[in-house]
Each structure stands twice: as C-alpha cells, then as structure tokens.
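start_24.cif follows (mmCIF, C-alpha atoms and all ligand atoms):
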data_protein
#
loop_
_atom_site.label_atom_id
_atom_site.label_comp_id
_atom_site.auth_asym_id
_atom_site.auth_seq_id
_atom_site.Cartn_x
_atom_site.Cartn_y
_atom_site.Cartn_z
CA MET A 24 98.11 164.08 49.93
CA LEU A 25 100.61 166.82 50.45
CA ILE A 26 103.42 167.47 52.79
CA PHE A 27 105.88 170.39 52.97
CA ALA A 28 105.72 173.49 50.88
CA SER A 29 107.58 174.88 47.94
CA ALA A 30 106.82 177.60 45.45
CA ILE A 31 105.18 177.13 42.08
CA ILE A 32 107.44 178.75 39.52
CA PHE A 33 107.29 177.21 36.08
CA PHE A 34 106.06 174.29 34.10
CA SER A 35 108.44 171.64 32.89
CA CYS A 36 107.11 168.49 31.32
CA ASN A 37 110.06 166.12 31.52
CA LYS A 38 108.51 163.52 29.27
CA ASP A 39 111.57 163.31 27.06
CA GLU A 40 114.14 163.53 29.83
CA SER A 41 112.89 160.80 32.12
CA ASN A 42 114.99 157.86 33.16
CA ASP A 43 111.84 156.03 34.06
CA SER A 44 110.78 154.20 30.95
CA PRO A 45 109.14 150.78 31.23
CA ASN A 46 112.27 149.30 29.73
CA ASN A 47 114.62 151.02 32.14
CA GLU A 48 116.73 148.39 33.84
CA THR A 49 116.17 150.07 37.18
CA ILE A 50 112.54 148.93 37.02
CA GLN A 51 112.87 145.23 37.68
CA SER A 52 110.63 142.78 35.96
CA ASP A 53 107.58 141.68 37.93
CA LEU A 54 108.36 143.95 40.86
CA PRO A 55 106.75 147.31 41.67
CA PRO A 56 108.46 150.25 39.97
CA PHE A 57 109.76 151.61 43.28
CA PRO A 58 112.20 150.26 45.88
CA TYR A 59 110.39 147.23 47.27
CA LEU A 60 110.30 145.18 50.47
CA GLU A 61 108.28 142.15 51.52
CA VAL A 62 107.63 141.79 55.24
CA SER A 63 105.97 139.01 57.23
CA GLU A 64 105.75 139.71 60.94
CA SER A 65 103.34 138.90 63.75
CA SER A 66 103.27 142.31 65.46
CA ASN A 67 102.77 145.81 64.14
CA TYR A 68 105.89 146.95 65.97
CA GLU A 69 107.96 144.35 64.11
CA ILE A 70 106.36 145.32 60.79
CA GLY A 71 107.29 148.93 61.45
CA PHE A 72 110.79 148.03 62.58
CA ARG A 73 111.48 146.03 59.42
CA VAL A 74 110.18 148.85 57.22
CA GLY A 75 112.08 151.52 59.17
CA SER A 76 115.38 149.64 59.14
CA HIS A 77 115.16 148.61 55.47
CA PHE A 78 114.25 152.12 54.30
CA LYS A 79 116.42 153.88 56.84
CA PHE A 80 118.20 155.86 54.12
CA GLN A 81 114.96 157.11 52.52
CA ILE A 82 113.41 158.13 55.85
CA ASN A 83 116.54 159.84 57.18
CA GLU A 84 117.14 161.62 53.89
CA PHE A 85 113.55 162.87 53.92
CA TYR A 86 113.97 164.35 57.41
CA ARG A 87 117.36 165.80 56.49
CA ARG A 88 115.69 167.64 53.61
CA ALA A 89 112.71 168.63 55.76
CA PHE A 90 114.91 170.24 58.41
CA ALA A 91 117.09 171.93 55.77
CA ASP A 92 114.15 173.44 53.82
CA LYS A 93 114.02 176.83 55.60
CA ILE A 94 111.48 179.56 55.00
CA ASN A 95 113.37 182.39 53.28
CA ASN A 96 111.05 185.37 53.67
CA PRO A 97 111.80 188.31 55.98
CA GLU A 98 108.05 189.04 56.13
CA SER A 99 107.32 185.64 57.64
CA PRO A 100 107.15 185.22 61.43
CA PHE A 101 109.01 181.96 60.83
CA ASN A 102 111.80 183.28 58.60
CA GLY A 103 114.83 180.99 58.80
CA LEU A 104 112.91 178.01 60.18
CA SER A 105 111.79 174.85 58.41
CA LEU A 106 108.20 173.67 58.64
CA ILE A 107 109.15 170.62 60.69
CA GLU A 108 111.03 172.88 63.14
CA ILE A 109 107.98 175.14 63.46
CA LEU A 110 105.69 172.19 64.16
CA ILE A 111 108.07 170.74 66.74
CA SER A 112 108.37 174.12 68.48
CA PHE A 113 104.56 174.38 68.80
CA VAL A 114 104.41 170.81 70.10
CA GLU A 115 107.10 171.51 72.69
CA SER A 116 105.57 174.82 73.77
CA ASP A 117 102.10 173.36 74.39
CA PRO A 118 101.93 169.56 74.18
CA GLY A 119 98.48 169.58 75.78
CA THR A 120 97.13 171.31 72.67
CA TYR A 121 99.43 170.20 69.90
CA TYR A 122 100.48 166.62 70.72
CA ASP A 123 98.62 164.80 73.49
CA PRO A 124 95.10 165.04 71.96
CA PHE A 125 96.35 163.33 68.79
CA TYR A 126 98.53 160.79 70.55
CA ASP A 127 95.86 159.85 73.10
CA ALA A 128 93.12 159.49 70.48
CA THR A 129 95.34 157.26 68.35
CA GLN A 130 96.33 155.21 71.39
CA ASP A 131 92.64 154.80 72.17
CA ARG A 132 91.44 153.93 68.64
CA PHE A 133 94.40 152.44 66.77
CA PRO A 134 97.06 151.44 69.33
CA GLU A 135 98.50 148.91 66.88
CA TYR A 136 99.34 151.62 64.35
CA LEU A 137 101.02 153.69 67.03
CA GLU A 138 103.15 150.63 67.82
CA GLU A 139 103.87 150.28 64.12
CA LEU A 140 105.04 153.89 63.92
CA LYS A 141 107.24 153.33 66.98
CA GLY A 142 108.76 150.38 65.14
CA VAL A 143 109.46 152.54 62.09
CA ALA A 144 111.08 155.20 64.30
CA ASP A 145 113.27 152.64 66.07
CA GLY A 146 114.19 150.89 62.82
CA ALA A 147 115.10 154.14 61.08
CA GLU A 148 116.70 155.56 64.23
CA ILE A 149 114.61 158.72 64.11
CA SER A 150 112.95 160.21 67.20
CA PHE A 151 109.38 158.94 67.53
CA LYS A 152 108.25 162.41 68.54
CA THR A 153 109.57 163.84 65.26
CA ILE A 154 107.86 161.12 63.20
CA PHE A 155 104.57 161.46 65.09
CA THR A 156 104.70 165.26 64.77
CA SER A 157 105.21 164.86 61.03
CA ALA A 158 102.27 162.42 60.94
CA CYS A 159 100.11 165.15 62.52
CA GLN A 160 101.27 167.78 60.05
CA LEU A 161 97.95 168.69 58.45
CA GLU A 162 96.21 168.75 61.83
CA LEU A 163 98.96 170.91 63.35
CA ILE A 164 99.03 173.38 60.45
CA SER A 165 95.26 173.71 60.74
CA LEU A 166 95.42 174.33 64.51
CA ILE A 167 98.29 176.82 64.24
CA THR A 168 96.86 178.82 61.35
CA SER A 169 93.33 178.94 62.78
CA ALA A 170 94.69 180.33 66.07
CA ASN A 171 97.25 182.60 64.36
CA PRO A 172 95.88 183.81 61.01
CA ASN A 173 99.09 185.75 60.31
CA THR A 174 100.92 182.41 59.97
CA SER A 175 98.71 181.12 57.20
CA ALA A 176 100.79 182.43 54.31
CA SER A 177 103.93 180.80 55.72
CA LEU A 178 102.46 177.41 56.60
CA THR A 179 99.79 176.67 54.01
CA PRO A 180 101.29 174.63 51.16
CA LEU A 181 100.96 176.30 47.79
CA ILE A 182 100.64 172.98 46.01
CA LYS A 183 97.55 170.93 46.62
CA GLY A 184 96.96 167.78 44.71
CA CYS A 185 95.69 164.31 44.09
CA SER A 186 93.04 163.64 41.46
CA SER A 187 90.90 160.51 41.32
CA VAL A 188 88.53 158.93 38.83
CA SER A 189 86.24 156.05 39.69
CA TYR A 190 84.25 154.19 37.06
CA SER A 191 81.78 151.47 37.91
CA ASN A 192 79.14 149.68 35.91
CA ALA A 193 77.96 146.11 35.62
CA ASP A 194 80.75 145.09 33.28
CA LYS A 195 83.80 146.89 34.56
CA CYS A 196 85.19 148.89 37.39
CA PHE A 197 88.29 151.12 37.53
CA LEU A 198 89.81 153.28 40.22
CA ALA A 199 92.46 155.70 38.96
CA HIS A 200 94.51 158.06 41.08
CA ASN A 201 97.24 160.65 40.60
CA GLU A 202 99.30 161.04 43.76
CA ASP A 203 100.62 164.61 43.76
CA ILE A 204 103.16 165.95 46.22
CA PHE A 205 106.36 167.89 46.58
CA THR A 206 109.27 167.04 44.34
CA ASP A 207 111.47 166.27 47.35
CA PHE A 208 109.48 163.08 47.90
CA ALA A 209 109.71 161.65 44.41
CA ASP A 210 112.99 159.74 44.68
CA LEU A 211 112.39 158.48 48.23
CA MET A 212 109.11 156.62 47.88
CA PHE A 213 108.85 152.86 48.26
CA VAL A 214 106.43 149.94 48.03
CA ILE A 215 105.93 147.31 50.71
CA LYS A 216 104.08 144.01 50.78
CA VAL A 217 103.10 143.16 54.35
CA GLU A 218 101.85 139.80 55.57
CA GLN A 219 100.30 140.23 59.00
CA THR A 220 98.62 137.96 61.49
CA GLY A 221 94.81 137.87 61.37
CA LYS A 222 94.50 140.68 58.83
CA PRO A 223 94.76 140.90 55.03
CA THR A 224 98.16 140.94 53.35
CA PHE A 225 98.58 144.37 51.79
CA LEU A 226 100.64 146.11 49.12
CA SER A 227 101.12 149.85 49.56
CA LEU A 228 103.01 152.74 48.09
CA ASN A 229 104.61 154.85 50.83
CA TYR A 230 106.04 158.26 51.52
CA PRO A 231 109.38 158.40 53.36
CA THR A 232 107.79 160.19 56.35
CA GLY A 233 107.50 156.99 58.40
CA ALA A 234 103.71 156.70 58.44
CA ILE A 235 102.74 153.60 56.45
CA GLY A 236 100.02 153.58 53.82
CA ILE A 237 99.11 157.15 52.85
CA PRO A 238 99.35 156.80 49.03
CA PRO A 239 97.27 154.09 47.27
CA GLY A 240 97.32 150.43 48.23
CA MET A 241 95.49 147.12 47.89
CA ASN A 242 95.04 144.00 49.97
CA ASP A 243 94.41 140.33 49.31
CA ALA A 244 90.81 140.65 50.50
CA GLY A 245 90.33 142.59 47.25
CA VAL A 246 90.06 146.02 48.86
CA VAL A 247 91.80 148.92 47.09
CA TYR A 248 92.11 152.45 48.31
CA SER A 249 93.30 155.95 47.48
CA GLY A 250 92.98 159.23 49.36
CA ASN A 251 92.64 162.90 48.53
CA GLN A 252 93.73 165.64 50.91
CA VAL A 253 90.82 167.87 51.91
CA ASP A 254 91.23 170.91 54.15
CA ILE A 255 88.72 172.31 56.64
CA PRO A 256 89.01 175.47 58.76
CA LYS A 257 90.11 173.74 61.97
CA ALA A 258 91.28 170.37 63.23
CA GLU A 259 89.83 168.89 66.42
CA PRO A 260 91.30 166.54 69.02
CA GLY A 261 91.16 163.08 67.46
CA VAL A 262 92.95 160.56 65.27
CA PRO A 263 95.26 162.09 62.62
CA PHE A 264 94.15 161.26 59.10
CA VAL A 265 97.28 159.22 58.33
CA PHE A 266 96.09 156.47 60.67
CA LEU A 267 92.72 156.33 58.89
CA CYS A 268 94.67 155.76 55.68
CA ARG A 269 96.58 152.91 57.34
CA ALA A 270 93.32 151.38 58.56
CA MET A 271 91.94 151.19 55.02
CA LEU A 272 94.71 148.70 54.16
CA ASP A 273 93.34 146.36 56.84
CA ALA A 274 89.70 146.51 55.66
CA GLY A 275 88.26 143.16 54.59
CA SER A 276 85.37 144.63 52.60
CA ILE A 277 83.71 147.94 51.76
CA ASN A 278 81.34 147.56 54.70
CA HIS A 279 84.29 146.90 56.98
CA ALA A 280 86.00 150.05 55.70
CA LYS A 281 82.82 152.05 56.35
CA THR A 282 82.58 150.63 59.87
CA ILE A 283 86.20 151.59 60.56
CA LEU A 284 85.63 155.14 59.33
CA GLU A 285 82.37 155.54 61.26
CA SER A 286 84.19 154.80 64.50
CA SER A 287 87.50 156.46 63.63
CA ASN A 288 87.19 159.73 65.61
CA PRO A 289 88.99 161.76 62.92
CA ALA A 290 90.89 164.89 63.89
CA TYR A 291 90.80 166.31 60.40
CA SER A 292 89.19 165.93 57.01
CA THR A 293 89.95 163.61 54.13
CA HIS A 294 88.41 161.81 51.19
CA PHE A 295 88.80 158.11 50.44
CA ASN A 296 88.05 156.15 47.30
CA ILE A 297 87.46 152.59 48.52
CA GLY A 298 86.90 149.76 46.07
CA SER A 299 86.40 146.04 46.27
CA PHE A 300 87.54 143.71 43.50
CA ASN A 301 85.27 141.00 44.91
CA GLU A 302 82.18 143.21 45.20
CA ASN A 303 82.84 145.05 41.89
CA LYS A 304 82.01 148.26 43.69
CA ILE A 305 83.58 151.62 44.63
CA ILE A 306 82.49 154.10 47.25
CA SER A 307 83.54 157.66 47.98
CA ALA A 308 83.92 158.50 51.67
CA GLU A 309 84.14 162.13 52.81
CA VAL A 310 85.21 162.30 56.45
CA MET A 311 85.73 165.08 58.99
CA PRO A 312 85.42 165.49 62.77
CA GLY A 313 81.92 164.49 63.83
CA LYS A 314 80.61 164.07 60.29
CA HIS A 315 80.98 161.85 57.24
CA ALA A 316 79.15 160.89 54.06
CA PHE A 317 79.37 157.88 51.76
CA HIS A 318 78.50 157.70 48.07
CA ILE A 319 78.26 154.57 45.91
CA VAL A 320 79.88 155.22 42.54
CA ASP A 321 77.45 154.69 39.67
CA ASN A 322 79.28 154.99 36.35
CA PHE A 323 81.62 158.00 36.57
CA TYR A 324 82.88 159.89 39.63
CA ALA A 325 85.78 162.33 39.97
CA HIS A 326 87.28 163.70 43.16
CA THR A 327 90.05 166.18 43.87
CA ASN A 328 90.68 168.17 47.06
CA HIS A 329 87.33 169.50 48.21
CA PHE A 330 84.15 167.88 49.47
CA VAL A 331 81.40 167.42 46.88
CA LEU A 332 78.68 165.33 48.54
CA PRO A 333 75.50 167.30 49.38
CA THR A 334 75.83 167.16 53.16
CA MET A 335 79.55 167.99 53.08
CA ASN A 336 80.25 170.36 50.22
CA GLU A 337 79.97 173.58 52.24
CA LEU A 338 82.39 172.40 54.89
CA SER A 339 85.76 172.15 53.14
CA LEU A 340 88.11 174.82 51.85
CA GLU A 341 88.01 174.99 48.05
CA THR A 342 90.76 176.11 45.73
CA GLU A 343 90.52 177.10 42.09
CA ASN A 344 93.08 174.40 41.33
CA SER A 345 91.00 171.62 42.87
CA ILE A 346 87.78 172.77 41.22
CA ALA A 347 89.48 173.09 37.82
CA ARG A 348 90.99 169.59 37.91
CA ARG A 349 87.65 168.00 38.84
CA ALA A 350 85.80 169.98 36.16
CA PHE A 351 88.33 168.87 33.54
CA LEU A 352 87.83 165.20 34.38
CA MET A 353 84.03 165.51 34.39
CA ASN A 354 84.19 167.27 31.06
CA GLU A 355 86.30 164.48 29.56
CA TYR A 356 83.76 161.91 30.70
CA ASP A 357 80.88 163.88 29.18
CA ASN A 358 82.03 162.65 25.76
CA TYR A 359 81.54 159.03 26.86
CA VAL A 360 78.27 159.17 28.82
CA ASN A 361 76.52 157.13 26.14
CA LYS A 362 79.54 155.07 25.11
CA PRO A 363 80.28 152.74 28.04
CA ASP A 364 81.95 150.24 25.73
CA GLU A 365 84.63 152.83 24.97
CA VAL A 366 85.54 153.54 28.59
CA THR A 367 88.78 151.68 29.28
CA ALA A 368 91.58 151.86 31.81
CA ASP A 369 93.87 153.39 29.18
CA LEU A 370 91.29 156.06 28.32
CA ILE A 371 91.05 157.13 31.96
CA THR A 372 94.86 157.14 32.30
CA ASN A 373 94.98 159.35 29.20
CA TRP A 374 92.65 161.84 30.91
CA MET A 375 94.88 161.79 33.96
CA SER A 376 97.97 162.37 31.79
CA SER A 377 96.56 165.67 30.54
CA HIS A 378 98.41 168.97 30.86
CA ASP A 379 95.37 171.04 29.86
CA GLY A 380 94.72 174.00 32.09
CA TYR A 381 98.25 174.32 33.48
CA PRO A 382 99.01 175.19 36.28
CA ASN A 383 95.74 173.50 37.24
CA ALA A 384 96.39 170.39 35.13
CA VAL A 385 95.58 166.90 36.34
CA CYS A 386 99.09 165.61 35.47
CA VAL A 387 101.20 167.81 37.72
CA HIS A 388 104.58 169.17 36.57
CA LEU A 389 105.55 172.15 38.69
CA ASP A 390 108.84 173.37 40.05
CA GLY A 391 108.45 171.99 43.54
CA GLY A 392 105.56 169.61 42.91
CA LEU A 393 104.62 166.75 40.64
CA THR A 394 102.56 163.62 40.22
CA VAL A 395 104.82 161.08 41.94
CA ALA A 396 102.70 158.07 41.01
CA HIS A 397 99.66 157.15 38.95
CA SER A 398 97.60 154.13 39.94
CA MET A 399 95.07 152.24 37.84
CA PHE A 400 93.19 149.52 39.68
CA ASP A 401 91.42 147.20 37.23
CA PHE A 402 88.72 145.30 39.13
CA GLN A 403 88.04 142.67 36.45
CA ASN A 404 91.70 141.68 36.18
CA LYS A 405 92.32 142.35 39.92
CA THR A 406 95.48 144.26 39.07
CA TRP A 407 97.22 147.48 40.09
CA LYS A 408 98.97 149.22 37.22
CA LEU A 409 101.39 151.42 39.15
CA TYR A 410 103.20 154.21 37.32
CA ARG A 411 106.36 155.68 38.75
CA GLY A 412 106.11 159.44 38.34
CA ASN A 413 103.73 161.24 36.01
CA PRO A 414 101.41 159.01 34.00
CA CYS A 415 102.53 160.81 30.81
CA ASN A 416 105.96 159.19 31.32
CA LYS A 417 104.38 155.74 30.91
CA ALA A 418 106.77 154.01 33.35
CA PHE A 419 104.67 151.32 34.98
CA LYS A 420 104.41 147.78 36.23
CA VAL A 421 101.25 145.74 36.65
CA ILE A 422 101.22 144.14 40.08
CA SER A 423 98.79 141.82 41.83
CA PHE A 424 98.58 139.13 44.48
ZN ZN B 1 102.53 164.91 32.48
#
For this file, produce the structure as structure tokens.
Amino acid sequence: MLIFASAIIFFSCNKDESNDSPNNETIQSDLPPFPYLEVSESSNYEIGFRVGSHFKFQINEFYRRAFADKINNPESPFNGLSLIEILISFVESDPGTYYDPFYDATQDRFPEYLEELKGVADGAEISFKTIFTSACQLELISLITSANPNTSASLTPLIKGCSSVSYSNADKCFLAHNEDIFTDFADLMFVIKVEQTGKPTFLSLNYPTGAIGIPPGMNDAGVVYSGNQVDIPKAEPGVPFVFLCRAMLDAGSINHAKTILESSNPAYSTHFNIGSFNENKIISAEVMPGKHAFHIVDNFYAHTNHFVLPTMNELSLETENSIARRAFLMNEYDNYVNKPDEVTADLITNWMSSHDGYPNAVCVHLDGGLTVAHSMFDFQNKTWKLYRGNPCNKAFKVISF
C-alpha cells in the first residue's frame, strides 16, 4: 500500500548501517519490533481514541510531514502545494463528489469503523475531515486524475509496492509479505493488539495516517491478512479500501472474510491475501467496484500490484515494476516446483530479500521509498515473524497469541 509521493533517485542498501539488528536494545524482547500498544475497549470509538491518544506524536508528525511535502515543479498545476492540501481543496470545492459518497457508503456498511476513525482523530487531536480525506487518498487521486488527465503526473505516486508470496500444501502453509511505502512512514509505524467485544482480538501493524489495519495483521481466530495496492482507471462511490482492510482483521474465518468482501461495496480496487491458521488455507481476493474474484492458493502464488486472475487481469493498471517483481518471485519458485520439502519460511524470506532487478527489486531500497516491514506468517507454528524494515536487515521478532 502506498501513500504520498517522492522521487526515485538512487539505490542505497543500508544493510550495514542499520540500527535495527535483532539484538538492538530498542527492540524489546517478546514484543513486536515497533512501538506497541495493547488496548481492550468495548466500543470502536474507544479503541480509536486509545490508539489516537497513545500514538498522538506519530500521527501528528505524519500530518506535519504530509503538509510540508510540497510539489516543487513549475510545470505542475499544483506547484507549491502538498498532496494532502490538494485533496482537501478538492473535497472542499465539491464535497458531493469527493467526500460524501465515501463517507455515506462507509456509514452505511461499516459505521463502527467510522466511529473508530473518529476516536483516532479525537485522541490524536487531528481534524476528522483531514484523517478521513487521507483515508480516501487512493480513491480521490483516481477521481481527480480521471477527470483531469493533466494532473496525473503530479498526483500519481512514482513508487508502487508490496510483494506477496503464498505457499500452501498439505504439510505447510506460509504467507509472506513485503510492505513497501514512502520513507517518511518508516519511523512512525506502530503495532497494536486490540481486544474487542464480540469480535476476535487482533494484532496489526499500522501506518501513522490514523486508519487502523492497512499493513498486515492477524487475529486470535487464526485469520491472517496482507494487502497489495492495485490501481484501476476510476474510483466509484463506495467504501474506501482502507475500511475493507480493517474488516479483514475482524474476520472469523476465510468464508467470513469472503462474505465481508462480497458485501463491501468497494469504491476502489485492491488485492488481499487471506489465510487461516486453523483451516491451513490461503486465498487471494481481487476486489474492485462491482466485481471480485477469489482464488484458493495451491502450492505457490505470488502477487504484486496488478490483477492476475482470469476475470480480472484486464481491469487494473499494470506497471513494469509490478510485473517484474512478480516474475522474479515466480522464477525463484520454479527451482522448487518438484522439491516441496525444501520450501521453508526462510527460503521465501530470502527471495523477498532480493535486490535483483533494481529498481524493480522485491526488497525495496529507493531514495523516497523502502520496504518498511516484512511479514512471514507460519501456519503450522501459528506465528508472525515481523521484520522491522527491509527483510535483508534481519531485524525481527516472532509474535503470536
Ligand atoms: Zn534489501
């Protein structure tokens, strides 16, 4: 998943310069390798409020950076403005097109997550309208650029990322995911464990944007999840994808997750890897307005940032970068097609630590963008090996319920 643009300039693998080694004292024993909070509340508003107030610094610092990151290009119609300022100006100029359709659809389908986001906004003391606008970022960029093609170069992020590998056979099941985003996010991410009434307790990695649960997470019903940004030509009125991500954390089973997605009224496109420790199974879910497709993973499956299922693959926007990363992963697996005994979690993490094909490498080190976390869900051990930063840095903790 990707938010806010920067330019790709040069490659710098900081393997030898990292402060994030497994032995670094800043990574506390037995806790996730990110700032961490446990919350137990009976309402979604209270959950959000606790998260927003505890991570008030991270969220406010993120928005400070977002407002300060101005477009510096005299050719751009938005020269001198930040992306968040541009989105807010469109929302304010025509809320009936750029705000209400997303707010109303979310209120209709997931009112509890809207309450949760209001709690985050109140806890962090950030305007709800700013946080909700940020939550609609991909949808808004799609609407603005489809109506105003001359804005595309200014608003379309240059860095697209997130690579996933699923492996499933009778004996073992792994879901691996590189979460790639802009460098500005890397030091502001956090992990929460949320105990909620009548729904599974979940653990999730989070961006500092305020919306809970976009990067990978797991719950105590054994459901694990990761998402890949996928772009389509135009968003529609509906539920912003970030709330579909949040809903995956509340799924009690793979069938429950499918049912949620089938009735989710999405405004935009996305891909989910959804696994179940208890069912020893992983599915791929490609979702867009009015259409979706599910695929049960049988042995190996790789996904990056374009649709690949037969009924969907013509509908998303492809980039050379996304195609190259997926091809690399499929090529790595080709060497193991007949060697299932040799496929291990560490082998898959090694593939996802590769810098082959730069700047289209799976392990992302760019000026402005990087892999901020690598996740390895091991279904037999029911664990989440969570790496802080690029997997090649090998700074991780194994967490579980
Ligand atoms: Zn690397």
Rows by chain and residue number, chain A within 7 Å of ligand ZN 1 (chain B), shortest pair, only C-alpha atoms and all ligand atoms, as JSON lines:
{"residue": "A:Cys36", "atom": "CA", "partner": "B:ZN1", "partner_atom": "ZN", "distance": 5.9}
{"residue": "A:Lys38", "atom": "CA", "partner": "B:ZN1", "partner_atom": "ZN", "distance": 6.9}
{"residue": "A:Ser376", "atom": "CA", "partner": "B:ZN1", "partner_atom": "ZN", "distance": 5.3}
{"residue": "A:Ser377", "atom": "CA", "partner": "B:ZN1", "partner_atom": "ZN", "distance": 6.3}
{"residue": "A:His378", "atom": "CA", "partner": "B:ZN1", "partner_atom": "ZN", "distance": 6.0}
{"residue": "A:Cys386", "atom": "CA", "partner": "B:ZN1", "partner_atom": "ZN", "distance": 4.6}
{"residue": "A:Val387", "atom": "CA", "partner": "B:ZN1", "partner_atom": "ZN", "distance": 6.1}
{"residue": "A:His388", "atom": "CA", "partner": "B:ZN1", "partner_atom": "ZN", "distance": 6.3}
{"residue": "A:Asn413", "atom": "CA", "partner": "B:ZN1", "partner_atom": "ZN", "distance": 5.2}
{"residue": "A:Pro414", "atom": "CA", "partner": "B:ZN1", "partner_atom": "ZN", "distance": 6.2}
{"residue": "A:Cys415", "atom": "CA", "partner": "B:ZN1", "partner_atom": "ZN", "distance": 4.4}
{"residue": "A:Asn416", "atom": "CA", "partner": "B:ZN1", "partner_atom": "ZN", "distance": 6.8}
So that I have them on file, write out the residues from the current selection with C-alpha atoms, as a PDB file, in the frame of the given file.
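Written file, part.pdb:
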ATOM      1  CA  CYS A  36     107.110 168.490  31.320  1.00  0.00           C
ATOM      2  CA  LYS A  38     108.510 163.520  29.270  1.00  0.00           C
ATOM      3  CA  SER A 376      97.970 162.370  31.790  1.00  0.00           C
ATOM      4  CA  SER A 377      96.560 165.670  30.540  1.00  0.00           C
ATOM      5  CA  HIS A 378      98.410 168.970  30.860  1.00  0.00           C
ATOM      6  CA  CYS A 386      99.090 165.610  35.470  1.00  0.00           C
ATOM      7  CA  VAL A 387     101.200 167.810  37.720  1.00  0.00           C
ATOM      8  CA  HIS A 388     104.580 169.170  36.570  1.00  0.00           C
ATOM      9  CA  ASN A 413     103.730 161.240  36.010  1.00  0.00           C
ATOM     10  CA  PRO A 414     101.410 159.010  34.000  1.00  0.00           C
ATOM     11  CA  CYS A 415     102.530 160.810  30.810  1.00  0.00           C
ATOM     12  CA  ASN A 416     105.960 159.190  31.320  1.00  0.00           C
TER      13      ASN A 416
END
Shell around Gln130 (chain A) at 12 Å using only C-alpha atoms, local window under 2 positions removed, as a list in words: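 In the requested format, the answer is Asp123, Pro124, Phe125, Tyr126, Asp127, Ala128, Arg132, Phe133, Pro134, Glu135, Tyr136, Leu137, Glu138, Glu139, Leu140, Lys141, Gly261, Val262, Pro263, Phe266, Ser287 and Asn288 of chain A.
Residue nearest Leu267 (chain A), chosen from A:Ser345, A:Thr206, A:Thr129, A:Thr334 and counting only C-alpha atoms: A:Thr129.
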How many Å separate CA of Ala418 (chain A) from CA of Arg73 (chain A)?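 Interatomic distance here is 27.7 Å.
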Region 247-298 of chain A near region 160-170 of chain A within 12 Å: what's each residue's closest atom pair and its distance in Å to one decimal, counting only C-alpha atoms, ordered by chain then ascending residue number, as a Markdown table?
| residue | atom | partner | partner_atom | distance |
| --- | --- | --- | --- | --- |
| A:Gln252 | CA | A:Leu161 | CA | 9.2 |
| A:Val253 | CA | A:Leu161 | CA | 9.7 |
| A:Asp254 | CA | A:Ser165 | CA | 8.2 |
| A:Ile255 | CA | A:Ser165 | CA | 7.8 |
| A:Pro256 | CA | A:Ser165 | CA | 6.8 |
| A:Lys257 | CA | A:Ser165 | CA | 5.3 |
| A:Ala258 | CA | A:Glu162 | CA | 5.4 |
| A:Glu259 | CA | A:Glu162 | CA | 7.9 |
| A:Pro260 | CA | A:Glu162 | CA | 9.0 |
| A:Gly261 | CA | A:Glu162 | CA | 9.5 |
| A:Val262 | CA | A:Glu162 | CA | 9.5 |
| A:Pro263 | CA | A:Glu162 | CA | 6.8 |
| A:Phe264 | CA | A:Glu162 | CA | 8.2 |
| A:Val265 | CA | A:Leu161 | CA | 9.5 |
| A:Pro289 | CA | A:Glu162 | CA | 10.1 |
| A:Ala290 | CA | A:Glu162 | CA | 6.9 |
| A:Tyr291 | CA | A:Glu162 | CA | 6.1 |
| A:Ser292 | CA | A:Glu162 | CA | 9.0 |
| A:Thr293 | CA | A:Leu161 | CA | 10.4 |
Would you work out the distance separating CA of Asn229 (chain A) from CA of Ala147 (chain A), expressed in Å to one decimal?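 CA of Ala147 (chain A) lies 14.7 Å from CA of Asn229 (chain A).
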May I ask which of the residues A:Arg348, A:Asp194, A:Pro239, A:Leu370 is the closest one to Ile215 (chain A), counting only C-alpha atoms? A:Pro239
Extract, using only C-alpha atoms, all DNA, RNA and protein residues at most 9 Å from Val320 (chain A), discarding same-chain residues fewer than 3 positions from it, and format them as JSON, numbers by chain. {"A": [189, 190, 191, 192, 304, 305, 306, 307, 323, 324]}
Expressed in Å, the length from CA of Glu341 (chain A) to CA of Lys314 (chain A) is 18.0 Å
From the list A:Ile107, A:Val360, A:Ile204, A:Ile277, which residue is nearest Gly412 (chain A) when using all atoms listed in the file?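 So, comparing all the options, the nearest one is A:Ile204.
Residues in contact range of Gly233 (chain A), defined as at most 7 Å between all atoms listed in the file, with sequence neighbours fewer than 2 positions away removed, read Ile82, Leu140, Val143, Ile154, Pro231 and Ile235 of chain A.
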Near Thr342 (chain A), within 10 Å and counting all atoms listed in the file, which residues show up once chain neighbours fewer than 3 positions away are dropped, as an NGL selection string? :A and (183 or 254 or 328-329 or 339 or 345-347)
Given only C-alpha atoms as the basis, pick out the residue of A:Asn322, A:Arg349, A:Lys79, A:Ile371 nearest to Ala193 (chain A). A:Asn322
Contact residues around Asp273 (chain A) with all atoms listed in the file at 10 Å, ignoring same-chain residues under 4 positions, as a count of residues only: 16
From the block you just saw, export region 373-405 of chain A: C-alpha atoms, as an mmCIF file, in the first residue's frame.
data_model
loop_
_atom_site.group_PDB
_atom_site.id
_atom_site.type_symbol
_atom_site.label_atom_id
_atom_site.label_comp_id
_atom_site.auth_asym_id
_atom_site.auth_seq_id
_atom_site.Cartn_x
_atom_site.Cartn_y
_atom_site.Cartn_z
ATOM 1 C CA ASN A 373 15.404 -14.942 1.175
ATOM 2 C CA TRP A 374 13.527 -14.471 -2.112
ATOM 3 C CA MET A 375 11.845 -11.403 -0.672
ATOM 4 C CA SER A 376 15.209 -10.017 0.479
ATOM 5 C CA SER A 377 16.498 -9.967 -3.093
ATOM 6 C CA HIS A 378 17.840 -6.824 -4.759
ATOM 7 C CA ASP A 379 17.897 -8.413 -8.228
ATOM 8 C CA GLY A 380 16.414 -6.254 -10.933
ATOM 9 C CA TYR A 381 16.825 -2.919 -9.153
ATOM 10 C CA PRO A 382 14.951 -0.548 -9.304
ATOM 11 C CA ASN A 383 12.276 -3.220 -9.703
ATOM 12 C CA ALA A 384 13.624 -5.398 -6.871
ATOM 13 C CA VAL A 385 11.357 -7.134 -4.386
ATOM 14 C CA CYS A 386 13.312 -5.757 -1.389
ATOM 15 C CA VAL A 387 12.835 -2.034 -1.915
ATOM 16 C CA HIS A 388 15.638 0.463 -1.191
ATOM 17 C CA LEU A 389 14.958 3.707 -3.009
ATOM 18 C CA ASP A 390 15.520 7.322 -2.096
ATOM 19 C CA GLY A 391 11.989 8.087 -1.015
ATOM 20 C CA GLY A 392 10.683 4.530 -0.706
ATOM 21 C CA LEU A 393 11.533 1.289 1.019
ATOM 22 C CA THR A 394 10.226 -1.949 2.426
ATOM 23 C CA VAL A 395 9.092 -0.798 5.872
ATOM 24 C CA ALA A 396 8.226 -4.275 7.128
ATOM 25 C CA HIS A 397 8.460 -7.900 6.077
ATOM 26 C CA SER A 398 5.956 -10.392 7.458
ATOM 27 C CA MET A 399 6.202 -14.177 7.498
ATOM 28 C CA PHE A 400 3.122 -15.961 8.773
ATOM 29 C CA ASP A 401 3.898 -19.599 9.585
ATOM 30 C CA PHE A 402 0.610 -21.519 9.720
ATOM 31 C CA GLN A 403 1.981 -24.658 11.385
ATOM 32 C CA ASN A 404 3.561 -22.720 14.248
ATOM 33 C CA LYS A 405 0.766 -20.088 14.221
#
